[in-house]
Amino acid sequence: MTKAKHKKIQFWSGVAFLLAVIGGLIVGGIKIQDYLQDAQRAPVQVVDFSGEFSHVDVTRLERLIRKSQPGSFFSLDVNEVYKLVEAQPWIYRASVRKQWPNTLKIYLVEQKPVAQWNDDFLLNPYGDTFSASVDDMTLPKLFGPGGSEKTALEGYNAMQSLLATTAMPIAELTLSERFAWQIQLANGIELNLGRQEFIDRLQRFIDVYPLLAKQPKAVKYVDLRYDTGLAVGWQDAQDEKS
């Protein structure tokens, strides 16, 4: 055998060996991938929820997660689970992580509703809207133009703090398109506060209300849109019966 022919055989033998190695790696990689994808061999056995929550149905949420991520522990996409969890109505914030060898840990921060907004949504303490059912809760009703949620809630909080010692909480608050304030107290009295100095005007009502309460007729509404003084509307007999 000539030297050139020997080198040629060595070359092709090396190529064949290299191809065999590459093929083995490919086959091995496919088998490993199949193994990692196989939920039967590496299942997510535990979905561990933590945090303080009372409205979130974690049993239903776990079913949604398993349905959206049917693969193994290794193939589960934490980012997709995070998006799914935070999309749920009662969830304000969430964190999701895997814990070896078979656990998915999810920490939940539940929405805290503080008011109803335009009879369509709920407001959390930060003025963010969310959609959920609160049949078992009594919340103040806030109304206003789109985009004024935070302004309305801030105004409500300021006025409610002022009324805290009067036993007359706010039942409804309306912020008009021109940003004029009107509130209805839990005792049925309506207050028209206008656009400016609404806190000072509310304080004026609080100061004068003890005198109004001594009158023979019950107060129906008070218009405080004056630099000084106020206008009072009284309930008639028909109003009192209704």
# chains A, B, ... in the order shown; residues from 1 in each chain; ligands from 1
$ closest_atom_pairs --of "range 100-198 of chain A" --to "range 203-221 of chain A" --cutoff "7 Å" --atoms "only C-alpha atoms" --output "CSV"
residue,atom,partner,partner_atom,distance
A:Ile189,CA,A:Lys220,CA,5.2
A:Glu190,CA,A:Tyr221,CA,4.5
A:Leu191,CA,A:Tyr221,CA,5.8
$ select_by_dssp --residues "range 88-198 of chain A" --states "strand (DSSP E)" --output "tab-separated table (two decimals) with all heavy atoms, in the first residue's frame"
chain	number	residue	atom	x	y	z
A	91	ILE	N	-55.86	38.96	40.87
A	91	ILE	CA	-54.43	38.95	41.18
A	91	ILE	C	-53.79	40.28	40.78
A	91	ILE	O	-53.86	40.69	39.62
A	91	ILE	CB	-53.72	37.78	40.48
A	91	ILE	CG1	-54.27	36.46	41.05
A	91	ILE	CG2	-52.22	37.85	40.67
A	91	ILE	CD1	-53.75	35.24	40.37
A	92	TYR	N	-53.18	40.94	41.76
A	92	TYR	CA	-52.53	42.22	41.51
A	92	TYR	C	-51.09	42.02	41.07
A	92	TYR	O	-50.65	42.61	40.09
A	92	TYR	CB	-52.57	43.07	42.79
A	92	TYR	CG	-51.83	44.38	42.68
A	92	TYR	CD1	-52.24	45.36	41.78
A	92	TYR	CD2	-50.70	44.63	43.46
A	92	TYR	CE1	-51.56	46.56	41.66
A	92	TYR	CE2	-50.02	45.84	43.36
A	92	TYR	CZ	-50.45	46.79	42.46
A	92	TYR	OH	-49.77	47.98	42.34
A	93	ARG	N	-50.36	41.18	41.78
A	93	ARG	CA	-48.98	40.86	41.42
A	93	ARG	C	-48.72	39.39	41.73
A	93	ARG	O	-49.37	38.79	42.57
A	93	ARG	CB	-47.99	41.73	42.21
A	93	ARG	CG	-47.94	43.19	41.79
A	93	ARG	CD	-47.27	43.36	40.44
A	93	ARG	NE	-47.15	44.76	40.08
A	93	ARG	CZ	-48.05	45.44	39.38
A	93	ARG	NH1	-49.15	44.82	38.97
A	93	ARG	NH2	-47.86	46.70	39.08
A	94	ALA	N	-47.72	38.84	41.03
A	94	ALA	CA	-47.35	37.44	41.27
A	94	ALA	C	-45.88	37.24	40.95
A	94	ALA	O	-45.28	37.99	40.17
A	94	ALA	CB	-48.21	36.51	40.40
A	95	SER	N	-45.29	36.23	41.57
A	95	SER	CA	-43.95	35.78	41.21
A	95	SER	C	-44.00	34.28	41.03
A	95	SER	O	-44.71	33.58	41.77
A	95	SER	CB	-42.92	36.17	42.27
A	95	SER	OG	-43.18	35.50	43.49
A	96	VAL	N	-43.26	33.78	40.03
A	96	VAL	CA	-43.29	32.36	39.68
A	96	VAL	C	-41.86	31.86	39.54
A	96	VAL	O	-41.04	32.50	38.89
A	96	VAL	CB	-44.06	32.13	38.36
A	96	VAL	CG1	-44.13	30.64	38.03
A	96	VAL	CG2	-45.47	32.72	38.44
A	97	ARG	N	-41.58	30.72	40.14
A	97	ARG	CA	-40.25	30.11	39.97
A	97	ARG	C	-40.36	28.60	40.11
A	97	ARG	O	-41.28	28.08	40.74
A	97	ARG	CB	-39.25	30.66	40.98
A	97	ARG	CG	-39.57	30.35	42.44
A	97	ARG	CD	-38.56	31.00	43.37
A	97	ARG	NE	-38.86	30.76	44.77
A	97	ARG	CZ	-38.45	29.71	45.46
A	97	ARG	NH1	-37.68	28.78	44.86
A	97	ARG	NH2	-38.75	29.55	46.73
A	98	LYS	N	-39.39	27.91	39.51
A	98	LYS	CA	-39.30	26.46	39.65
A	98	LYS	C	-38.43	26.13	40.86
A	98	LYS	O	-37.48	26.84	41.17
A	98	LYS	CB	-38.67	25.84	38.40
A	98	LYS	CG	-39.47	25.99	37.13
A	98	LYS	CD	-38.71	25.34	35.98
A	98	LYS	CE	-39.41	25.54	34.65
A	98	LYS	NZ	-38.65	24.92	33.53
A	99	GLN	N	-38.77	25.03	41.49
A	99	GLN	CA	-37.94	24.51	42.57
A	99	GLN	C	-37.68	23.02	42.31
A	99	GLN	O	-38.62	22.23	42.23
A	99	GLN	CB	-38.62	24.70	43.93
A	99	GLN	CG	-37.81	24.15	45.10
A	99	GLN	CD	-38.42	24.48	46.44
A	99	GLN	OE1	-38.43	25.64	46.88
A	99	GLN	NE2	-38.96	23.48	47.11
A	103	THR	N	-41.36	21.02	41.64
A	103	THR	CA	-42.30	21.96	42.24
A	103	THR	C	-42.29	23.30	41.51
A	103	THR	O	-41.25	23.81	41.13
A	103	THR	CB	-41.96	22.19	43.73
A	103	THR	OG1	-42.03	20.94	44.42
A	103	THR	CG2	-42.92	23.18	44.37
A	104	LEU	N	-43.48	23.85	41.34
A	104	LEU	CA	-43.66	25.20	40.81
A	104	LEU	C	-44.18	26.05	41.95
A	104	LEU	O	-45.26	25.80	42.50
A	104	LEU	CB	-44.64	25.21	39.65
A	104	LEU	CG	-44.89	26.55	38.96
A	104	LEU	CD1	-43.62	27.04	38.27
A	104	LEU	CD2	-46.03	26.44	37.95
A	105	LYS	N	-43.42	27.07	42.34
A	105	LYS	CA	-43.80	27.92	43.47
A	105	LYS	C	-44.33	29.25	42.94
A	105	LYS	O	-43.69	29.92	42.14
A	105	LYS	CB	-42.61	28.15	44.40
A	105	LYS	CG	-42.09	26.86	45.04
A	105	LYS	CD	-41.01	27.13	46.07
A	105	LYS	CE	-41.58	27.69	47.36
A	105	LYS	NZ	-42.40	26.69	48.09
A	106	ILE	N	-45.52	29.62	43.43
A	106	ILE	CA	-46.19	30.84	42.97
A	106	ILE	C	-46.60	31.66	44.18
A	106	ILE	O	-47.34	31.18	45.05
A	106	ILE	CB	-47.43	30.51	42.11
A	106	ILE	CG1	-47.03	29.66	40.90
A	106	ILE	CG2	-48.13	31.78	41.67
A	106	ILE	CD1	-48.20	29.20	40.08
A	107	TYR	N	-46.12	32.90	44.23
A	107	TYR	CA	-46.50	33.82	45.31
A	107	TYR	C	-47.50	34.83	44.76
A	107	TYR	O	-47.26	35.45	43.72
A	107	TYR	CB	-45.28	34.54	45.88
A	107	TYR	CG	-45.62	35.48	47.01
A	107	TYR	CD1	-45.80	35.00	48.30
A	107	TYR	CD2	-45.77	36.85	46.78
A	107	TYR	CE1	-46.13	35.85	49.34
A	107	TYR	CE2	-46.10	37.70	47.82
A	107	TYR	CZ	-46.28	37.20	49.10
A	107	TYR	OH	-46.60	38.05	50.13
A	108	LEU	N	-48.62	34.99	45.44
A	108	LEU	CA	-49.71	35.84	44.95
A	108	LEU	C	-49.92	37.05	45.85
A	108	LEU	O	-49.87	36.94	47.08
A	108	LEU	CB	-51.02	35.05	44.89
A	108	LEU	CG	-51.04	33.78	44.03
A	108	LEU	CD1	-52.39	33.09	44.16
A	108	LEU	CD2	-50.73	34.11	42.58
A	109	VAL	N	-50.16	38.20	45.22
A	109	VAL	CA	-50.64	39.39	45.92
A	109	VAL	C	-52.02	39.69	45.35
A	109	VAL	O	-52.15	40.00	44.16
A	109	VAL	CB	-49.69	40.59	45.71
A	109	VAL	CG1	-50.25	41.82	46.42
A	109	VAL	CG2	-48.30	40.28	46.21
A	110	GLU	N	-53.02	39.58	46.19
A	110	GLU	CA	-54.40	39.72	45.72
A	110	GLU	C	-54.81	41.19	45.60
A	110	GLU	O	-54.33	42.05	46.36
A	110	GLU	CB	-55.34	39.00	46.69
A	110	GLU	CG	-56.76	38.87	46.19
A	110	GLU	CD	-57.60	37.99	47.11
A	110	GLU	OE1	-57.85	38.40	48.26
A	110	GLU	OE2	-58.01	36.90	46.68
A	115	ALA	N	-63.30	50.52	46.06
A	115	ALA	CA	-64.47	51.25	45.54
A	115	ALA	C	-64.90	50.63	44.22
A	115	ALA	O	-64.13	49.93	43.54
A	115	ALA	CB	-64.13	52.73	45.33
A	116	GLN	N	-66.17	50.88	43.87
A	116	GLN	CA	-66.66	50.54	42.54
A	116	GLN	C	-66.46	51.75	41.63
A	116	GLN	O	-66.58	52.89	42.07
A	116	GLN	CB	-68.14	50.16	42.59
A	116	GLN	CG	-68.44	48.92	43.40
A	116	GLN	CD	-69.90	48.54	43.33
A	116	GLN	OE1	-70.46	48.37	42.24
A	116	GLN	NE2	-70.53	48.39	44.49
A	117	TRP	N	-66.18	51.48	40.36
A	117	TRP	CA	-65.92	52.56	39.42
A	117	TRP	C	-66.89	52.48	38.25
A	117	TRP	O	-66.88	51.51	37.49
A	117	TRP	CB	-64.48	52.51	38.91
A	117	TRP	CG	-64.14	53.55	37.89
A	117	TRP	CD1	-63.88	53.36	36.56
A	117	TRP	CD2	-64.03	54.97	38.11
A	117	TRP	NE1	-63.61	54.54	35.95
A	117	TRP	CE2	-63.70	55.56	36.88
A	117	TRP	CE3	-64.18	55.78	39.24
A	117	TRP	CZ2	-63.51	56.93	36.75
A	117	TRP	CZ3	-64.00	57.14	39.10
A	117	TRP	CH2	-63.66	57.71	37.87
A	121	PHE	N	-66.28	48.56	36.91
A	121	PHE	CA	-65.02	48.03	37.39
A	121	PHE	C	-64.89	48.25	38.89
A	121	PHE	O	-65.71	48.93	39.52
A	121	PHE	CB	-63.84	48.70	36.68
A	121	PHE	CG	-63.83	48.51	35.19
A	121	PHE	CD1	-64.32	49.48	34.34
A	121	PHE	CD2	-63.32	47.34	34.64
A	121	PHE	CE1	-64.32	49.30	32.97
A	121	PHE	CE2	-63.30	47.15	33.28
A	121	PHE	CZ	-63.81	48.13	32.44
A	122	LEU	N	-63.80	47.70	39.43
A	122	LEU	CA	-63.42	47.96	40.81
A	122	LEU	C	-62.12	48.76	40.80
A	122	LEU	O	-61.34	48.69	39.85
A	122	LEU	CB	-63.21	46.65	41.56
A	122	LEU	CG	-64.43	45.73	41.66
A	122	LEU	CD1	-64.04	44.43	42.35
A	122	LEU	CD2	-65.56	46.40	42.40
A	123	LEU	N	-61.89	49.49	41.87
A	123	LEU	CA	-60.64	50.24	42.04
A	123	LEU	C	-59.86	49.64	43.20
A	123	LEU	O	-60.43	49.34	44.26
A	123	LEU	CB	-60.93	51.71	42.35
A	123	LEU	CG	-61.41	52.61	41.21
A	123	LEU	CD1	-61.66	54.01	41.74
A	123	LEU	CD2	-60.41	52.65	40.07
A	129	THR	N	-57.94	50.04	37.84
A	129	THR	CA	-59.21	49.34	37.68
A	129	THR	C	-58.97	47.85	37.43
A	129	THR	O	-57.96	47.46	36.86
A	129	THR	CB	-60.01	49.91	36.50
A	129	THR	OG1	-59.24	49.79	35.29
A	129	THR	CG2	-60.36	51.37	36.73
A	130	PHE	N	-59.91	47.05	37.88
A	130	PHE	CA	-59.92	45.64	37.52
A	130	PHE	C	-61.35	45.15	37.55
A	130	PHE	O	-62.23	45.78	38.15
A	130	PHE	CB	-59.03	44.81	38.45
A	130	PHE	CG	-59.47	44.75	39.89
A	130	PHE	CD1	-60.15	43.63	40.38
A	130	PHE	CD2	-59.20	45.79	40.77
A	130	PHE	CE1	-60.56	43.57	41.70
A	130	PHE	CE2	-59.60	45.73	42.10
A	130	PHE	CZ	-60.28	44.61	42.56
A	141	LYS	N	-69.41	53.91	45.74
A	141	LYS	CA	-69.49	53.99	44.28
A	141	LYS	C	-68.88	55.31	43.82
A	141	LYS	O	-69.30	56.37	44.26
A	141	LYS	CB	-70.94	53.88	43.81
A	141	LYS	CG	-71.57	52.53	44.09
A	141	LYS	CD	-72.97	52.45	43.50
A	141	LYS	CE	-73.57	51.08	43.69
A	141	LYS	NZ	-74.93	50.96	43.07
A	142	LEU	N	-67.92	55.21	42.92
A	142	LEU	CA	-67.27	56.38	42.36
A	142	LEU	C	-67.59	56.46	40.88
A	142	LEU	O	-67.56	55.44	40.18
A	142	LEU	CB	-65.76	56.33	42.56
A	142	LEU	CG	-65.18	56.82	43.90
A	142	LEU	CD1	-65.81	56.11	45.09
A	142	LEU	CD2	-63.67	56.68	43.93
A	143	PHE	N	-67.89	57.67	40.40
A	143	PHE	CA	-68.20	57.89	38.99
A	143	PHE	C	-67.36	59.04	38.47
A	143	PHE	O	-67.11	60.03	39.18
A	143	PHE	CB	-69.69	58.22	38.81
A	143	PHE	CG	-70.63	57.16	39.30
A	143	PHE	CD1	-71.07	57.16	40.61
A	143	PHE	CD2	-71.07	56.16	38.45
A	143	PHE	CE1	-71.93	56.18	41.07
A	143	PHE	CE2	-71.93	55.17	38.90
A	143	PHE	CZ	-72.36	55.18	40.21
A	170	ILE	N	-69.13	58.41	52.92
A	170	ILE	CA	-69.55	58.67	51.53
A	170	ILE	C	-70.06	57.37	50.92
A	170	ILE	O	-69.37	56.35	50.94
A	170	ILE	CB	-68.38	59.21	50.70
A	170	ILE	CG1	-67.90	60.54	51.28
A	170	ILE	CG2	-68.78	59.38	49.24
A	170	ILE	CD1	-66.61	61.05	50.66
A	171	ALA	N	-71.27	57.43	50.37
A	171	ALA	CA	-71.82	56.27	49.66
A	171	ALA	C	-71.54	56.36	48.17
A	171	ALA	O	-71.23	55.35	47.53
A	171	ALA	CB	-73.33	56.18	49.90
A	172	GLU	N	-71.64	57.57	47.61
A	172	GLU	CA	-71.37	57.78	46.19
A	172	GLU	C	-70.61	59.08	45.99
A	172	GLU	O	-70.83	60.06	46.71
A	172	GLU	CB	-72.68	57.83	45.37
A	172	GLU	CG	-73.40	56.52	45.25
A	172	GLU	CD	-74.57	56.59	44.28
A	172	GLU	OE1	-74.64	57.59	43.51
A	172	GLU	OE2	-75.40	55.68	44.28
A	173	LEU	N	-69.73	59.07	45.02
A	173	LEU	CA	-68.99	60.27	44.64
A	173	LEU	C	-69.01	60.39	43.13
A	173	LEU	O	-68.79	59.41	42.42
A	173	LEU	CB	-67.56	60.20	45.16
A	173	LEU	CG	-66.60	61.34	44.78
A	173	LEU	CD1	-65.56	61.55	45.88
A	173	LEU	CD2	-65.87	61.07	43.46
A	174	THR	N	-69.29	61.59	42.64
A	174	THR	CA	-69.30	61.84	41.20
A	174	THR	C	-68.37	62.99	40.87
A	174	THR	O	-68.44	64.06	41.49
A	174	THR	CB	-70.73	62.19	40.72
A	174	THR	OG1	-71.61	61.11	41.02
A	174	THR	CG2	-70.74	62.43	39.21
A	175	LEU	N	-67.51	62.73	39.92
A	175	LEU	CA	-66.60	63.76	39.39
A	175	LEU	C	-67.04	64.04	37.96
A	175	LEU	O	-66.99	63.17	37.10
A	175	LEU	CB	-65.15	63.26	39.43
A	175	LEU	CG	-64.05	64.23	39.04
A	175	LEU	CD1	-64.03	65.43	39.97
A	175	LEU	CD2	-62.69	63.54	39.04
A	181	TRP	N	-67.11	68.33	41.95
A	181	TRP	CA	-67.33	67.23	42.89
A	181	TRP	C	-68.75	67.25	43.45
A	181	TRP	O	-69.26	68.29	43.84
A	181	TRP	CB	-66.36	67.33	44.06
A	181	TRP	CG	-64.91	67.24	43.66
A	181	TRP	CD1	-64.11	68.29	43.30
A	181	TRP	CD2	-64.11	66.07	43.58
A	181	TRP	NE1	-62.86	67.83	43.01
A	181	TRP	CE2	-62.82	66.48	43.17
A	181	TRP	CE3	-64.35	64.72	43.82
A	181	TRP	CZ2	-61.78	65.58	43.00
A	181	TRP	CZ3	-63.32	63.82	43.65
A	181	TRP	CH2	-62.05	64.25	43.25
A	182	GLN	N	-69.34	66.08	43.50
A	182	GLN	CA	-70.64	65.91	44.16
A	182	GLN	C	-70.61	64.58	44.90
A	182	GLN	O	-70.16	63.56	44.36
A	182	GLN	CB	-71.78	65.92	43.13
A	182	GLN	CG	-73.16	65.88	43.76
A	182	GLN	CD	-74.26	66.07	42.72
A	182	GLN	OE1	-74.02	65.90	41.53
A	182	GLN	NE2	-75.46	66.40	43.16
A	183	ILE	N	-71.08	64.58	46.13
A	183	ILE	CA	-71.08	63.34	46.90
A	183	ILE	C	-72.46	63.10	47.53
A	183	ILE	O	-73.21	64.05	47.76
A	183	ILE	CB	-70.00	63.34	48.01
A	183	ILE	CG1	-70.24	64.45	49.02
A	183	ILE	CG2	-68.61	63.44	47.41
A	183	ILE	CD1	-69.26	64.42	50.21
A	184	GLN	N	-72.74	61.86	47.75
A	184	GLN	CA	-73.93	61.48	48.50
A	184	GLN	C	-73.48	60.70	49.72
A	184	GLN	O	-72.75	59.71	49.61
A	184	GLN	CB	-74.88	60.61	47.66
A	184	GLN	CG	-76.15	60.24	48.41
A	184	GLN	CD	-77.09	59.39	47.58
A	184	GLN	OE1	-76.64	58.53	46.83
A	184	GLN	NE2	-78.38	59.63	47.70
A	185	LEU	N	-73.90	61.16	50.88
A	185	LEU	CA	-73.51	60.51	52.12
A	185	LEU	C	-74.40	59.29	52.38
A	185	LEU	O	-75.47	59.13	51.78
A	185	LEU	CB	-73.62	61.50	53.29
A	185	LEU	CG	-72.80	62.79	53.13
A	185	LEU	CD1	-73.03	63.71	54.32
A	185	LEU	CD2	-71.32	62.48	52.99
A	190	GLU	N	-77.12	64.85	49.88
A	190	GLU	CA	-76.27	65.12	48.73
A	190	GLU	C	-75.56	66.46	48.93
A	190	GLU	O	-76.18	67.44	49.34
A	190	GLU	CB	-77.11	65.16	47.45
A	190	GLU	CG	-77.76	63.83	47.10
A	190	GLU	CD	-78.57	63.91	45.82
A	190	GLU	OE1	-78.60	65.00	45.20
A	190	GLU	OE2	-79.20	62.89	45.46
A	191	LEU	N	-74.26	66.46	48.62
A	191	LEU	CA	-73.47	67.67	48.75
A	191	LEU	C	-72.89	68.05	47.40
A	191	LEU	O	-72.23	67.24	46.75
A	191	LEU	CB	-72.32	67.46	49.74
A	191	LEU	CG	-72.68	66.98	51.16
A	191	LEU	CD1	-71.41	66.85	52.00
A	191	LEU	CD2	-73.66	67.94	51.83
A	192	ASN	N	-73.15	69.27	46.98
A	192	ASN	CA	-72.59	69.80	45.74
A	192	ASN	C	-71.41	70.69	46.14
A	192	ASN	O	-71.61	71.76	46.72
A	192	ASN	CB	-73.64	70.59	44.97
A	192	ASN	CG	-73.23	70.84	43.53
A	192	ASN	OD1	-72.04	70.79	43.22
A	192	ASN	ND2	-74.19	71.10	42.68
A	193	LEU	N	-70.19	70.25	45.81
A	193	LEU	CA	-68.99	70.95	46.28
A	193	LEU	C	-68.31	71.78	45.21
A	193	LEU	O	-67.37	72.53	45.52
A	193	LEU	CB	-67.99	69.92	46.83
A	193	LEU	CG	-68.50	69.07	47.99
A	193	LEU	CD1	-67.53	67.94	48.28
A	193	LEU	CD2	-68.72	69.92	49.23
A	194	GLY	N	-68.71	71.64	43.95
A	194	GLY	CA	-68.10	72.42	42.89
A	194	GLY	C	-66.70	71.96	42.55
A	194	GLY	O	-66.26	70.86	42.91
$ closest_residue --among "A:Arg66, A:His55, A:Arg225, A:Arg195" --to "Pro113 in chain A" --atoms "only C-alpha atoms"
A:His55
$ select_by_dssp --residues "range 18-237 of chain A" --states "helix (DSSP H, G or I)" --output "MDAnalysis selection string"
chainID A and resid 18:37 58:68 78:86 149:163 198:213 237
$ atom_distance --atom1 "CA of Gly71 in chain A" --atom2 "CA of Lys83 in chain A"
17.3 Å
$ residues_around --residues "Lys150 in chain A" --least-positions-apart "5" --cutoff "9 Å" --atoms "only C-alpha atoms" --output "list in words"
Leu123, Tyr126, Gly127, Asp128 and Gly155 of chain A
$ atom_distance --atom1 "CA of Asn79 in chain A" --atom2 "CA of Asn124 in chain A"
24.8 Å
$ residues_around --residues "range 58-65 of chain A" --least-positions-apart "5" --cutoff "8 Å" --atoms "only C-alpha atoms" --output "list in words"
Val47, Phe49, Val81, Leu84 and Val85 of chain A
$ closest_residue --among "A:Val56, A:Val78, A:Ile22, A:Asn102" --to "Ala42 in chain A" --atoms "only C-alpha atoms"
A:Asn102
$ atom_distance --atom1 "CA of Val46 in chain A" --atom2 "CA of Gln69 in chain A"
13.5 Å
$ closest_residue --among "A:Gly233, A:Pro89, A:Pro70, A:Gly188" --to "Ser133 in chain A" --atoms "only C-alpha atoms"
A:Pro89
